[in-house]
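Take a look at the structure set out below.
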Amino acid sequence: MIRSQLKQLVDEGFARGVREGFWTDAAAGKYTVEVPKHEGQGDFSTNLALVVAGLEKCNPRQVATRLVELLGDEGPMIERLEIAGPGFVNFFLRPSVWSSVLAPIREQGERFGRAGFGAGEKVLVEFVSANPTGPLSVGHGRNAILGDTIARLLEAVGYDVQREYYFNDAGRQMRVLGESTRARYLELLGLESDFPEDGYQGDYIYDIARSLREEHGDRLKDADISVFKERAQEAIFADIDATLQRIGIRFDSYFNEHTLYEEGLIDDVVALLQEKGLVYEKEGATWFRTTALGLEKDRVIIKSTGEPTYRLPDIAYHREKFRRGFDRMINVFGSDHIATVPDVLAGVRALGYDDARVQVVLYQFVTLLRGGRQVKMSTRKATFVTVDELVDEVGVDALRFFFLMRKADSQLEFDLDLATQQSQENPVYYVQYAHARLCSIERQAAEKGLPVIDFEAAALDLLREPEEFALLKLMAEYPAQVAGAARDLAPHRMIFYLMELAGRFHSYYNRHKVLTDDADLTLARRCLCDGLKTVFRNGLLLVGMTAPTRM
RNA sequence: GCUCCCGUAGCUCAGUAGGAUAGAGCACAGGAUUCCUAAUCCUGGUGCCGCAGGUUCGAAUCCUGCCGGGAGCACCA
């Protein structure tokens, strides 16, 4: 907000310089106004002179001098300007401008930080998309939290977001699931059973088998595999659903791969690709000529058995996303899906759609540490830790926080010992405690009989401590943080922002009292704290956490 | 062999579409509570930003090659 006002001033100065022939408009939109890294370099800084000088091949310090002349060296916001280093222009603002961030925060309340630049564009965020073969494991957890938080961020900046879960209840995996369930059922009946070699070994299969036995006795001993498969799938899906609800995630739609077959959409895609000469037969299989689209080798889309490989439905599914009218499509995938992405995008492109509208967020694997040792995980062997188990141990807030703490590109080390101990080492509490403390101050104020905050009556220029300026500056950055995190699909930035704000607040709290003997100062500081509380609350809710009022 | 991600302090990681003097938490050591919650704060220091070149006024950031770790490279999803 303050930054954007300043940016406007700089833009005007730049435009005047263009009119007066000091420079061309080549640098328009290329320079920035930023908060400098180091103390003593002003409240904001622009690299305009460096950018202009680079494009026009002239001396940056001369350009900076011109700019300073054009801007005038003071004004209602600016106290003084300074040319520094290779040609930065540093802005030193009047201290009073900082407290002006409090009014909009107060007016906008829970809307503070939201933006409208998404302009109602329709975005489909597809995530989790785990086939119902077992409970959600740690890897799915990262997917779920990432996808949901990205959706929240996009909603916050004005996109019309739809959350979708794509799944497949046919196919080999599910057949194995059915066989595994039947084997357990027969085993429970004391009958001969041959558990599939690559079957699912988790105890949850026993649970499902047990419920079948209770309901049907031994009447299913000769039943078709589909009975077992359907029952298993149903039970597991209910389980997944419960887990998701528990961690605050709901989907707007579920898309079953079945639909693509039933509505002939698979055949459509093959026919369309055929028309374009991108399909051929070889060794009994149908191949997609991806080499013609710039990829390394051709891929099979229909096996010699007549069954499609995963690529074909994936392409058809993405075609449906376009046909359903989405402007942007975001997929959250584990890094093991890396190889499939180019093929699907090539398919989309071949069908005449703009694949730039499809964005894939790939996240690296989660390694689980317990007792300092890596836990090996396998879905089949059921040696995995489930999301439910994690939530049991650490709670929803810590789960979300830990999964968001790292950028998607980084492998995430989930230290169970750290996350499970509810101690001060746990950074989750650090942030939440800041909010609880702010609430506590207001409770104290009420107990002392202080009146409700009268914002209009407050003398905000009494906020003059360096720690207060630091807080106000950081609060003013909040909307830009949300916008940046949404733009780059990078939820971890919100976590880092909140940790920094919490650090500054705790530090301030220890050094200065809010509730003092000076009524005016107290009121001003309560206004500051009120604003902080709003920012913490908004930030925590935005990433799907709670903002506790006491701890 | 090929593709993608990662490599920054002892450990775990940030670094916001190249910017000024490199950042945080943890760990380690010491200190702070008659006072709004000590789940807090304060004080200590550490870096060949994996290596080598290149691009430019300027590189942890961009390009090339190499080294190390991870994920892939199926008529599995």
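Chain labels A, B, ... are given in the sequence in which chains occur in the structure tokens; within each chain residues are numbered consecutively from 1, and ligands are likewise numbered from 1 in the order shown.
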With a distance cut-off of 9 Å and only C-alpha atoms (C1' of nucleotides), select the neighbouring residues of region 25-31 of chain B, excluding the residue or stretch itself and same-chain residues fewer than 4 positions from it, and output the selection as a list in words.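 Here the qualifying residues turn out to be Glu425 and Pro427 of chain A; G10, C11, U12, C13, C42, U43 and G44 of chain B.
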Each residue of chain B lying at most 7 Å from chain A should get a row with its shortest atom-to-atom pair and the distance in Å to one decimal, counting only C-alpha atoms (C1' of nucleotides); could you produce that, ordered by chain and increasing number, as JSON lines?
{"residue": "B:C4", "atom": "C1'", "partner": "A:Ile338", "partner_atom": "CA", "distance": 6.7}
{"residue": "B:C5", "atom": "C1'", "partner": "A:Asp409", "partner_atom": "CA", "distance": 6.2}
{"residue": "B:C6", "atom": "C1'", "partner": "A:Ser410", "partner_atom": "CA", "distance": 6.4}
{"residue": "B:U16", "atom": "C1'", "partner": "A:Gly484", "partner_atom": "CA", "distance": 6.6}
{"residue": "B:A20", "atom": "C1'", "partner": "A:Gly85", "partner_atom": "CA", "distance": 5.9}
{"residue": "B:C36", "atom": "C1'", "partner": "A:Ile441", "partner_atom": "CA", "distance": 5.2}
{"residue": "B:U37", "atom": "C1'", "partner": "A:Arg437", "partner_atom": "CA", "distance": 6.6}
{"residue": "B:A39", "atom": "C1'", "partner": "A:Gln424", "partner_atom": "CA", "distance": 5.1}
{"residue": "B:U40", "atom": "C1'", "partner": "A:His506", "partner_atom": "CA", "distance": 6.4}
{"residue": "B:C41", "atom": "C1'", "partner": "A:Asn510", "partner_atom": "CA", "distance": 5.6}
{"residue": "B:A71", "atom": "C1'", "partner": "A:Asp336", "partner_atom": "CA", "distance": 5.7}
{"residue": "B:G72", "atom": "C1'", "partner": "A:Ala339", "partner_atom": "CA", "distance": 5.9}
{"residue": "B:C75", "atom": "C1'", "partner": "A:Lys303", "partner_atom": "CA", "distance": 4.4}
{"residue": "B:A77", "atom": "C1'", "partner": "A:Tyr310", "partner_atom": "CA", "distance": 6.3}
Would you return as a PyMOL selection string the members of region 95-174 of chain A that DSSP assigns to alpha helix (DSSP H) on this structure's backbone? chain A and resi 102-108+138-156+171-174
Residues of region 208-344 of chain A in strand (DSSP E) according to DSSP, as an MDAnalysis selection string? chainID A and resid 253:256 279:282 285:288 299:302 328:334
Could you write those residues out with C-alpha atoms, as a PDB file, in the first residue's frame?
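Produced file selection.pdb, reproduced below:
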ATOM      1  CA  SER A 253     -15.861 -32.222  -7.459  1.00  0.00           C
ATOM      2  CA  TYR A 254     -14.667 -35.757  -7.961  1.00  0.00           C
ATOM      3  CA  PHE A 255     -13.840 -36.931 -11.419  1.00  0.00           C
ATOM      4  CA  ASN A 256     -13.831 -40.636 -12.068  1.00  0.00           C
ATOM      5  CA  VAL A 279      -1.077 -42.199 -34.108  1.00  0.00           C
ATOM      6  CA  TYR A 280       0.248 -45.441 -35.535  1.00  0.00           C
ATOM      7  CA  GLU A 281       0.155 -49.172 -34.902  1.00  0.00           C
ATOM      8  CA  LYS A 282       3.212 -51.177 -34.046  1.00  0.00           C
ATOM      9  CA  ALA A 285      -0.124 -51.609 -29.784  1.00  0.00           C
ATOM     10  CA  THR A 286      -1.232 -48.105 -30.617  1.00  0.00           C
ATOM     11  CA  TRP A 287       1.458 -45.459 -30.355  1.00  0.00           C
ATOM     12  CA  PHE A 288       1.359 -41.719 -29.894  1.00  0.00           C
ATOM     13  CA  ARG A 299       4.766 -43.698 -26.329  1.00  0.00           C
ATOM     14  CA  VAL A 300       2.190 -46.449 -26.238  1.00  0.00           C
ATOM     15  CA  ILE A 301      -1.334 -45.199 -25.600  1.00  0.00           C
ATOM     16  CA  ILE A 302      -3.210 -48.451 -26.169  1.00  0.00           C
ATOM     17  CA  ARG A 328      -6.170 -22.118 -15.685  1.00  0.00           C
ATOM     18  CA  MET A 329      -5.515 -25.637 -14.543  1.00  0.00           C
ATOM     19  CA  ILE A 330      -3.177 -26.514 -11.727  1.00  0.00           C
ATOM     20  CA  ASN A 331      -2.076 -30.047 -10.925  1.00  0.00           C
ATOM     21  CA  VAL A 332      -0.268 -31.027  -7.792  1.00  0.00           C
ATOM     22  CA  PHE A 333       1.872 -34.093  -8.416  1.00  0.00           C
ATOM     23  CA  GLY A 334       4.550 -36.021  -6.608  1.00  0.00           C
TER      24      GLY A 334
END
From the options A:Tyr317, A:Tyr31, A:Phe22, A:Phe14, which residue's atoms come nearest to G18 (chain B), counting only C-alpha atoms (C1' of nucleotides)? A:Tyr31
For Asp388 (chain A), which residue among A:Pro135, A:Gly347, A:Pro491, A:Gly352 is the nearest when counting only C-alpha atoms? A:Pro135
